[in-house]
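Data file: run.cif. Format and content: mmCIF, C-alpha atoms.
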data_work
#
loop_
_atom_site.label_atom_id
_atom_site.label_comp_id
_atom_site.auth_asym_id
_atom_site.auth_seq_id
_atom_site.Cartn_x
_atom_site.Cartn_y
_atom_site.Cartn_z
CA MET A 1 -21.98 -33.01 10.61
CA GLN A 2 -19.65 -30.82 8.57
CA LYS A 3 -17.44 -27.98 9.88
CA LEU A 4 -16.78 -25.05 7.59
CA ARG A 5 -14.36 -22.15 7.92
CA ILE A 6 -15.06 -18.72 6.50
CA ARG A 7 -12.80 -15.74 5.89
CA TYR A 8 -14.60 -12.43 5.60
CA ALA A 9 -13.80 -8.71 5.49
CA LYS A 10 -15.15 -5.83 7.58
CA ARG A 11 -14.98 -2.69 5.45
CA GLY A 12 -16.09 0.91 5.24
CA ARG A 13 -18.45 2.23 7.89
CA LEU A 14 -19.00 -1.27 9.25
CA ARG A 15 -15.59 -1.05 10.92
CA PHE A 16 -17.46 0.84 13.66
CA THR A 17 -19.80 -2.12 14.23
CA SER A 18 -19.23 -4.05 17.45
CA HIS A 19 -18.38 -7.73 17.33
CA ARG A 20 -21.70 -8.56 19.03
CA ASP A 21 -23.63 -6.83 16.25
CA VAL A 22 -21.47 -8.52 13.59
CA ALA A 23 -22.24 -11.90 15.18
CA ARG A 24 -25.99 -11.21 15.18
CA THR A 25 -25.84 -10.06 11.56
CA PHE A 26 -24.00 -13.26 10.57
CA GLU A 27 -26.57 -15.47 12.30
CA ARG A 28 -29.42 -13.73 10.46
CA ALA A 29 -27.55 -14.01 7.16
CA LEU A 30 -26.93 -17.73 7.70
CA ARG A 31 -30.69 -18.22 8.15
CA ARG A 32 -31.54 -16.14 5.07
CA ALA A 33 -28.98 -18.07 3.01
CA GLY A 34 -30.66 -21.35 3.97
CA VAL A 35 -27.55 -22.80 5.61
CA PRO A 36 -28.54 -26.02 7.48
CA MET A 37 -26.95 -25.01 10.77
CA ALA A 38 -26.17 -27.42 13.60
CA TYR A 39 -27.39 -26.26 17.02
CA SER A 40 -26.16 -26.76 20.55
CA GLN A 41 -28.11 -28.85 23.01
CA GLY A 42 -29.93 -27.59 26.08
CA PHE A 43 -32.74 -25.26 27.06
CA ASN A 44 -31.67 -22.45 24.70
CA PRO A 45 -30.10 -24.02 21.57
CA ARG A 46 -27.74 -21.77 19.67
CA PRO A 47 -26.23 -22.19 16.19
CA LYS A 48 -22.73 -23.66 16.36
CA VAL A 49 -20.63 -20.65 15.37
CA SER A 50 -17.09 -20.04 16.66
CA TRP A 51 -15.29 -16.71 16.19
CA ILE A 52 -11.51 -16.47 15.93
CA GLY A 53 -9.94 -13.25 17.27
CA ALA A 54 -12.42 -10.61 16.12
CA ALA A 55 -10.97 -7.20 15.18
CA PRO A 56 -11.66 -4.42 17.70
CA THR A 57 -14.50 -1.98 17.10
CA GLY A 58 -13.34 0.96 14.98
CA THR A 59 -10.90 -1.07 12.88
CA ALA A 60 -11.43 -2.54 9.43
CA SER A 61 -10.24 -6.01 8.45
CA GLU A 62 -9.51 -8.11 5.40
CA ALA A 63 -8.89 -11.24 7.46
CA GLU A 64 -11.66 -12.16 9.89
CA TYR A 65 -12.35 -15.85 10.55
CA VAL A 66 -15.36 -17.80 11.75
CA GLU A 67 -16.22 -21.52 11.93
CA VAL A 68 -19.74 -22.88 11.47
CA SER A 69 -21.09 -26.42 11.81
CA VAL A 70 -23.86 -27.73 9.55
CA VAL A 71 -25.97 -30.88 9.66
CA ASP A 72 -25.89 -31.53 5.89
CA ARG A 73 -22.86 -31.45 3.64
CA ILE A 74 -22.80 -28.36 1.45
CA ASP A 75 -20.52 -26.97 -1.22
CA THR A 76 -18.09 -24.35 0.07
CA ALA A 77 -18.34 -22.19 -3.06
CA ALA A 78 -22.14 -22.15 -2.75
CA LEU A 79 -21.86 -21.23 0.92
CA ALA A 80 -19.53 -18.32 0.16
CA ARG A 81 -21.75 -17.05 -2.65
CA GLU A 82 -25.08 -17.28 -0.83
CA LEU A 83 -23.79 -15.97 2.50
CA ASP A 84 -22.09 -13.01 0.84
CA SER A 85 -25.37 -12.14 -0.89
CA ALA A 86 -27.23 -12.29 2.43
CA LEU A 87 -24.77 -10.05 4.29
CA PRO A 88 -24.88 -6.23 4.09
CA PRO A 89 -22.26 -4.40 2.01
CA GLY A 90 -19.14 -4.02 4.11
CA LEU A 91 -19.31 -7.54 5.51
CA ASP A 92 -17.92 -9.46 2.57
CA VAL A 93 -17.19 -13.18 2.37
CA ILE A 94 -13.77 -13.80 0.83
CA GLU A 95 -13.47 -17.58 1.04
CA ALA A 96 -15.02 -20.67 2.61
CA VAL A 97 -13.30 -24.03 3.08
CA GLU A 98 -14.16 -27.34 4.67
CA ALA A 99 -12.26 -27.78 7.93
CA ALA A 100 -9.52 -30.36 8.00
CA SER A 101 -8.11 -31.70 11.24
CA GLY A 102 -6.70 -29.39 13.88
CA SER A 103 -7.84 -26.15 15.43
CA LEU A 104 -8.02 -22.95 13.40
CA ALA A 105 -7.12 -20.91 16.49
CA ASP A 106 -3.85 -22.85 16.78
CA ARG A 107 -2.87 -21.62 13.29
CA ILE A 108 -3.04 -17.95 14.28
CA ASP A 109 -0.56 -16.28 16.60
CA ALA A 110 0.04 -12.92 14.88
CA CYS A 111 -1.50 -10.45 12.47
CA THR A 112 -0.51 -7.70 10.05
CA TRP A 113 -1.97 -4.21 10.55
CA ARG A 114 -1.99 -1.38 8.01
CA ILE A 115 -2.32 1.96 9.82
CA GLU A 116 -3.01 5.10 7.78
CA LEU A 117 -1.96 8.35 9.48
CA PRO A 118 -3.38 11.37 7.58
CA GLY A 119 -1.45 14.53 8.32
CA VAL A 120 1.71 12.66 9.38
CA ASP A 121 4.75 13.20 7.17
CA PRO A 122 6.14 9.85 5.97
CA ASP A 123 9.67 10.99 6.80
CA GLU A 124 8.58 11.76 10.36
CA LEU A 125 6.84 8.39 10.57
CA GLY A 126 9.95 6.64 9.29
CA ARG A 127 12.10 8.23 11.99
CA ALA A 128 9.56 7.25 14.65
CA VAL A 129 9.52 3.65 13.42
CA GLU A 130 13.33 3.51 13.57
CA LEU A 131 13.25 4.63 17.20
CA LEU A 132 10.51 2.13 18.02
CA LEU A 133 12.38 -0.82 16.51
CA ALA A 134 15.60 0.21 18.24
CA ALA A 135 14.00 0.36 21.69
CA PRO A 136 14.37 -2.77 23.89
CA GLU A 137 10.98 -2.06 25.45
CA VAL A 138 8.29 0.61 25.21
CA ILE A 139 5.89 0.87 28.13
CA VAL A 140 2.43 2.24 27.35
CA GLN A 141 -0.79 2.44 29.33
CA LYS A 142 -3.63 0.21 28.18
CA LEU A 143 -7.21 0.29 29.38
CA THR A 144 -8.28 -3.25 30.34
CA LYS A 145 -11.38 -4.63 32.02
CA ASP A 146 -9.44 -4.40 35.29
CA GLY A 147 -8.51 -0.75 34.74
CA ARG A 148 -5.41 0.90 33.30
CA LYS A 149 -2.35 -1.28 33.06
CA ASP A 150 1.25 -0.71 31.95
CA ILE A 151 2.31 -3.07 29.14
CA ASP A 152 5.41 -3.46 26.97
CA ALA A 153 4.06 -2.80 23.47
CA ARG A 154 7.48 -3.34 21.87
CA ALA A 155 7.58 -7.00 22.92
CA ALA A 156 4.60 -7.80 20.67
CA ILE A 157 5.87 -5.93 17.58
CA VAL A 158 7.62 -8.39 15.25
CA SER A 159 8.31 -5.90 12.45
CA ALA A 160 7.25 -2.45 11.27
CA GLU A 161 7.79 -0.68 7.98
CA VAL A 162 6.44 2.30 6.10
CA LEU A 163 4.63 1.69 2.82
CA ALA A 164 5.06 3.40 -0.51
CA SER A 165 1.60 3.78 -2.00
CA ALA A 166 0.03 4.67 -5.33
CA GLU A 167 -3.10 5.35 -3.34
CA ALA A 168 -4.41 8.90 -2.94
CA LEU A 169 -7.26 9.22 -0.47
CA ALA A 170 -9.82 11.43 -2.18
CA PRO A 171 -11.67 14.21 -0.32
CA THR A 172 -14.83 12.11 -0.61
CA GLY A 173 -13.26 9.37 1.50
CA THR A 174 -13.03 6.89 -1.37
CA GLU A 175 -11.02 3.84 -0.31
CA ALA A 176 -8.40 2.67 -2.78
CA ALA A 177 -6.35 -0.43 -2.48
CA SER A 178 -2.88 -0.58 -3.92
CA ALA A 179 0.21 -0.52 -1.70
CA GLU A 180 3.75 -1.73 -2.32
CA VAL A 181 6.02 -2.67 0.57
CA VAL A 182 9.43 -1.04 0.33
CA ARG A 183 12.58 -1.75 2.30
CA GLU A 184 12.21 -1.32 6.02
CA VAL A 185 11.82 2.28 7.15
CA GLU A 186 12.19 3.63 3.59
CA VAL A 187 9.48 6.24 3.07
CA THR A 188 7.70 8.03 0.27
CA THR A 189 4.93 10.56 0.08
CA THR A 190 1.22 9.86 -0.15
CA ARG A 191 -0.91 12.94 -0.67
CA VAL A 192 -4.33 13.39 0.85
CA GLY A 193 -6.99 15.70 -0.57
CA ASP A 194 -7.54 18.62 1.80
CA GLY A 195 -10.14 20.80 0.16
CA ALA A 196 -9.72 23.37 -2.62
CA GLY A 197 -6.51 22.17 -4.15
CA GLY A 198 -4.69 21.78 -0.84
CA VAL A 199 -2.78 18.62 0.06
CA ARG A 200 -1.38 17.13 3.20
CA ARG A 201 0.82 14.12 3.71
CA CYS A 202 -0.22 10.69 4.92
CA GLY A 203 2.13 8.13 6.42
CA ILE A 204 1.14 4.47 6.09
CA LEU A 205 2.56 1.95 8.52
CA SER A 206 2.51 -1.83 8.13
CA THR A 207 3.31 -3.79 11.27
CA VAL A 208 3.23 -7.46 12.25
CA VAL A 209 2.07 -7.87 15.84
CA ARG A 210 2.33 -11.07 17.85
CA GLN A 211 -0.63 -12.20 19.98
CA THR A 212 0.06 -11.46 23.61
CA GLN A 213 -1.93 -11.00 26.80
CA PRO A 214 -3.10 -8.29 27.00
CA VAL A 215 -3.50 -7.98 23.24
CA VAL A 216 -1.46 -5.21 21.61
CA ARG A 217 -3.72 -3.36 19.18
CA PRO A 218 -3.14 -0.54 16.67
CA ASP A 219 -3.86 2.15 19.26
CA ASP A 220 -1.16 0.60 21.46
CA VAL A 221 1.30 0.75 18.56
CA LEU A 222 0.45 4.43 18.11
CA SER A 223 0.93 4.98 21.85
CA ALA A 224 4.38 3.40 21.54
CA LEU A 225 5.27 5.77 18.68
CA ARG A 226 4.13 8.66 20.83
CA VAL A 227 6.35 7.49 23.70
CA VAL A 228 9.53 7.04 21.63
CA ALA A 229 9.14 9.92 19.16
CA ASP A 230 6.31 12.15 20.41
CA LEU A 231 4.40 11.30 17.22
CA GLN A 232 0.99 12.97 17.47
CA PRO A 233 -1.33 12.35 14.48
CA PRO A 234 -3.55 15.43 13.97
CA VAL A 235 -6.59 13.31 13.06
CA PRO A 236 -7.62 9.76 14.05
CA ALA A 237 -5.73 6.97 12.32
CA LYS A 238 -7.44 4.32 10.22
CA ALA A 239 -6.34 0.76 10.98
CA THR A 240 -7.03 -2.28 8.81
CA ARG A 241 -6.06 -5.84 9.66
CA MET A 242 -4.64 -7.26 6.45
CA ALA A 243 -3.77 -10.83 7.47
CA GLN A 244 -3.74 -13.30 10.32
CA GLY A 245 -1.67 -16.46 10.63
CA ARG A 246 1.19 -18.25 12.34
CA LEU A 247 4.65 -16.72 12.21
CA ASP A 248 7.18 -18.75 10.25
CA ASP A 249 10.94 -18.75 10.85
CA GLY A 250 11.35 -15.70 8.63
CA GLY A 251 8.76 -13.61 10.48
CA ALA A 252 6.12 -13.94 7.73
CA LEU A 253 2.56 -15.11 8.33
CA THR A 254 1.39 -18.48 7.01
CA ASP A 255 -2.10 -18.87 5.53
CA PRO A 256 -4.39 -20.44 8.17
CA PHE A 257 -6.47 -22.07 5.40
CA ALA A 258 -3.47 -23.67 3.67
CA SER A 259 -4.07 -27.17 5.04
CA ASP A 260 -7.85 -26.92 4.50
CA ARG A 261 -7.77 -25.62 0.95
CA GLU A 262 -8.28 -28.42 -1.57
CA PRO A 263 -10.84 -29.34 -4.25
CA THR A 264 -14.18 -29.43 -2.48
CA ARG A 265 -15.39 -32.85 -1.44
CA ALA A 266 -19.02 -31.81 -1.17
CA THR A 267 -21.37 -32.37 -4.07
CA SER A 268 -24.58 -30.75 -2.85
CA GLY A 269 -25.34 -27.05 -2.94
CA LEU A 270 -27.29 -24.99 -0.44
CA PRO A 271 -31.03 -25.59 -0.15
CA ASP A 272 -33.14 -23.17 -2.15
CA VAL A 273 -34.14 -20.11 -0.15
CA GLU A 274 -37.74 -19.06 -0.34
CA GLU A 275 -38.31 -15.45 -1.29
#
Would you mind writing the file's structure down as structure tokens?
Amino acid sequence: MQKLRIRYAKRGRLRFTSHRDVARTFERALRRAGVPMAYSQGFNPRPKVSWIGAAPTGTASEAEYVEVSVVDRIDTAALARELDSALPPGLDVIEAVEAASGSLADRIDACTWRIELPGVDPDELGRAVELLLAAPEVIVQKLTKDGRKDIDARAAIVSAEVLASAEALAPTGTEAASAEVVREVEVTTTRVGDGAGGVRRCGILSTVVRQTQPVVRPDDVLSALRVVADLQPPVPAKATRMAQGRLDDGGALTDPFASDREPTRATSGLPDVEE
């Protein structure tokens, strides 16, 4: 049996897809791609698929992780290629590696979020971020399965900075991709198309958030900004998880695939898939 680890992205309209639907879509794609899946034992065998910290519904992600077990050794490049072809646009395989020793979940204890705030002036966002980072704690209300609960959102926030961006979000909703991190809390202007020649500003926040219980998510970060600075975005924010990993001594995230990534040891490709 071989264990494989896959990094994939959740983009565009598929950010509104629930994790349960993503999981079902992956299982169907694995069958269509001809992946020789290993199954659990028992009355109702299930493919051996393990999900690592799925992004919440409504958020996009460039760093989702899943582990699959197969009964025959396969080439990781072939797996990535065939699975990506079998998945719908918006669920995009970025990389597949053969699992080395250790648990993938143990290599992830934080993530980086990029939060776009159309209609929020970057200068205003910068001032709010300064207040947030200066606060020893910021209590917000979070809806949990046990009801509303007060949590300290500040305790989970490792760092936060505003991004300078060459990106202009077009009126059509086209998603661009280039952003340059500037010094902490330094801000510049991103313009957003707003109909017939009009423009409005868009602040873009990048924040590293540590895994806690309960989990602090982008909406909790926005709640914290509202508490410390009364920041009220006029339209819903768009959050994208850019990376996951373990925090190093400098507060940066390490690559969870670093110890797995090596020249593939498998020599066989995926079985041919019948049309």
For A:Pro36, please output as an mmCIF file with C-alpha atoms, in the frame of the given file all residues within 9 Å (counting all atoms listed in the file; exclusion window: fewer than 5 positions along the same chain).
data_model
loop_
_atom_site.group_PDB
_atom_site.id
_atom_site.type_symbol
_atom_site.label_atom_id
_atom_site.label_comp_id
_atom_site.auth_asym_id
_atom_site.auth_seq_id
_atom_site.Cartn_x
_atom_site.Cartn_y
_atom_site.Cartn_z
ATOM 1 C CA LEU A 30 -26.930 -17.730 7.700
ATOM 2 C CA ARG A 31 -30.690 -18.220 8.150
ATOM 3 C CA SER A 69 -21.090 -26.420 11.810
ATOM 4 C CA VAL A 70 -23.860 -27.730 9.550
ATOM 5 C CA VAL A 71 -25.970 -30.880 9.660
ATOM 6 C CA ASP A 72 -25.890 -31.530 5.890
ATOM 7 C CA ARG A 73 -22.860 -31.450 3.640
ATOM 8 C CA ILE A 74 -22.800 -28.360 1.450
ATOM 9 C CA LEU A 270 -27.290 -24.990 -0.440
ATOM 10 C CA PRO A 271 -31.030 -25.590 -0.150
#
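Take the candidates A:Ile108, A:Ala29, A:Leu205, A:Leu143 and check each one against A:Leu79 using all atoms listed in the file; the shortest distance goes to A:Ala29.
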Quick one: everything within 12 Å of stretch 22-27 of chain A, counting all atoms listed in the file, minus sequence neighbours fewer than 2 positions away in the same chain. Send it as a ChimeraX atom specification.
/A:6,8-11,14-20,29-37,39,46-52,54-57,64-68,83-93
Test item: the PyMOL selection byres ((chain A and resi 243-250) around 6) resolved as a PyMOL selection string
chain A and resi 63+107-112+241-242+251-256
Could you list, as a PDB file with C-alpha atoms, in the frame of the given file, every residue within 12 Å of A:Gln213, counting all atoms listed in the file and ignoring same-chain residues fewer than 5 positions away?
ATOM      1  CA  ASP A 109      -0.560 -16.280  16.600  1.00  0.00           C
ATOM      2  CA  LYS A 142      -3.630   0.210  28.180  1.00  0.00           C
ATOM      3  CA  THR A 144      -8.280  -3.250  30.340  1.00  0.00           C
ATOM      4  CA  LYS A 149      -2.350  -1.280  33.060  1.00  0.00           C
ATOM      5  CA  ASP A 150       1.250  -0.710  31.950  1.00  0.00           C
ATOM      6  CA  ILE A 151       2.310  -3.070  29.140  1.00  0.00           C
ATOM      7  CA  ASP A 152       5.410  -3.460  26.970  1.00  0.00           C
ATOM      8  CA  ALA A 153       4.060  -2.800  23.470  1.00  0.00           C
ATOM      9  CA  ALA A 155       7.580  -7.000  22.920  1.00  0.00           C
ATOM     10  CA  ALA A 156       4.600  -7.800  20.670  1.00  0.00           C
TER      11      ALA A 156
END
Interatomic distance between atom CA of A:Ile139 and atom CA of A:Val228?
9.7 Å
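Take atom CA of A:Val120 and atom CA of A:Val209: the distance between them is 21.5 Å.
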What separates atom CA of A:Arg13 and atom CA of A:Gly58 is a distance of 8.8 Å
Nearest residue to A:Val208 out of A:Glu124, A:Pro118, A:Trp113, A:Ala237, using all atoms listed in the file?
A:Trp113
Kindly provide, as AutoDock Vina command-line options, the centre and edge lengths (Å, one decimal) of an axis-aligned box around all atoms of stretch 5-12 of chain A given in the file, with 4 Å on each side.
--center_x -14.4 --center_y -10.6 --center_z 6.6 --size_x 11.3 --size_y 31.1 --size_z 10.7
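Nearest to A:Pro234 of all the residues A:Thr212, A:Gly147, A:Leu163, A:Leu117 is A:Leu117, based on all atoms listed in the file.
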Applied to the shown file, which residues does the PyMOL selection byres ((chain A and resi 76) around 6) return, written as a PDB file with C-alpha atoms, in the frame of the given file?
ATOM      1  CA  ASP A  75     -20.520 -26.970  -1.220  1.00  0.00           C
ATOM      2  CA  ALA A  77     -18.340 -22.190  -3.060  1.00  0.00           C
ATOM      3  CA  ALA A  78     -22.140 -22.150  -2.750  1.00  0.00           C
ATOM      4  CA  LEU A  79     -21.860 -21.230   0.920  1.00  0.00           C
ATOM      5  CA  ALA A  96     -15.020 -20.670   2.610  1.00  0.00           C
ATOM      6  CA  VAL A  97     -13.300 -24.030   3.080  1.00  0.00           C
TER       7      VAL A  97
END
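Restricting the calculation to all atoms listed in the file, the smallest distance between A:Ala229 and any of A:Val138, A:Ile204, A:Val158, A:Ala164 is found for A:Val138.
Using only C-alpha atoms, the shortest contact distance between A:Val215 and any of A:Ile157, A:Val162, A:Ala80, A:Ala60 is found at A:Ile157.
Residues captured in this structure file are Glu98, Ala99, Ser101, Gly102, Ser259 and Asp260 of chain A, according to the PyMOL selection byres ((chain A and resi 100) around 8).
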Since we have the selection now, will you write its residues out, keeping C-alpha atoms, as an mmCIF file, in the coordinates of the input?
data_model
loop_
_atom_site.group_PDB
_atom_site.id
_atom_site.type_symbol
_atom_site.label_atom_id
_atom_site.label_comp_id
_atom_site.auth_asym_id
_atom_site.auth_seq_id
_atom_site.Cartn_x
_atom_site.Cartn_y
_atom_site.Cartn_z
ATOM 1 C CA GLU A 98 -14.160 -27.340 4.670
ATOM 2 C CA ALA A 99 -12.260 -27.780 7.930
ATOM 3 C CA SER A 101 -8.110 -31.700 11.240
ATOM 4 C CA GLY A 102 -6.700 -29.390 13.880
ATOM 5 C CA SER A 259 -4.070 -27.170 5.040
ATOM 6 C CA ASP A 260 -7.850 -26.920 4.500
#
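Distances here use all atoms listed in the file; by that measure, the residue among A:Met1, A:Ser159, A:Leu131, A:Asp146 closest to A:Leu225 is A:Leu131.
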Skipping near chain neighbours, those fewer than 2 positions away, what residues fall within 12 Å of A:Leu222 using only C-alpha atoms, listed as a ChimeraX atom specification?
/A:113-117,125,128-129,132,138-142,153-154,157,160,205-207,216-220,224-233,236-239
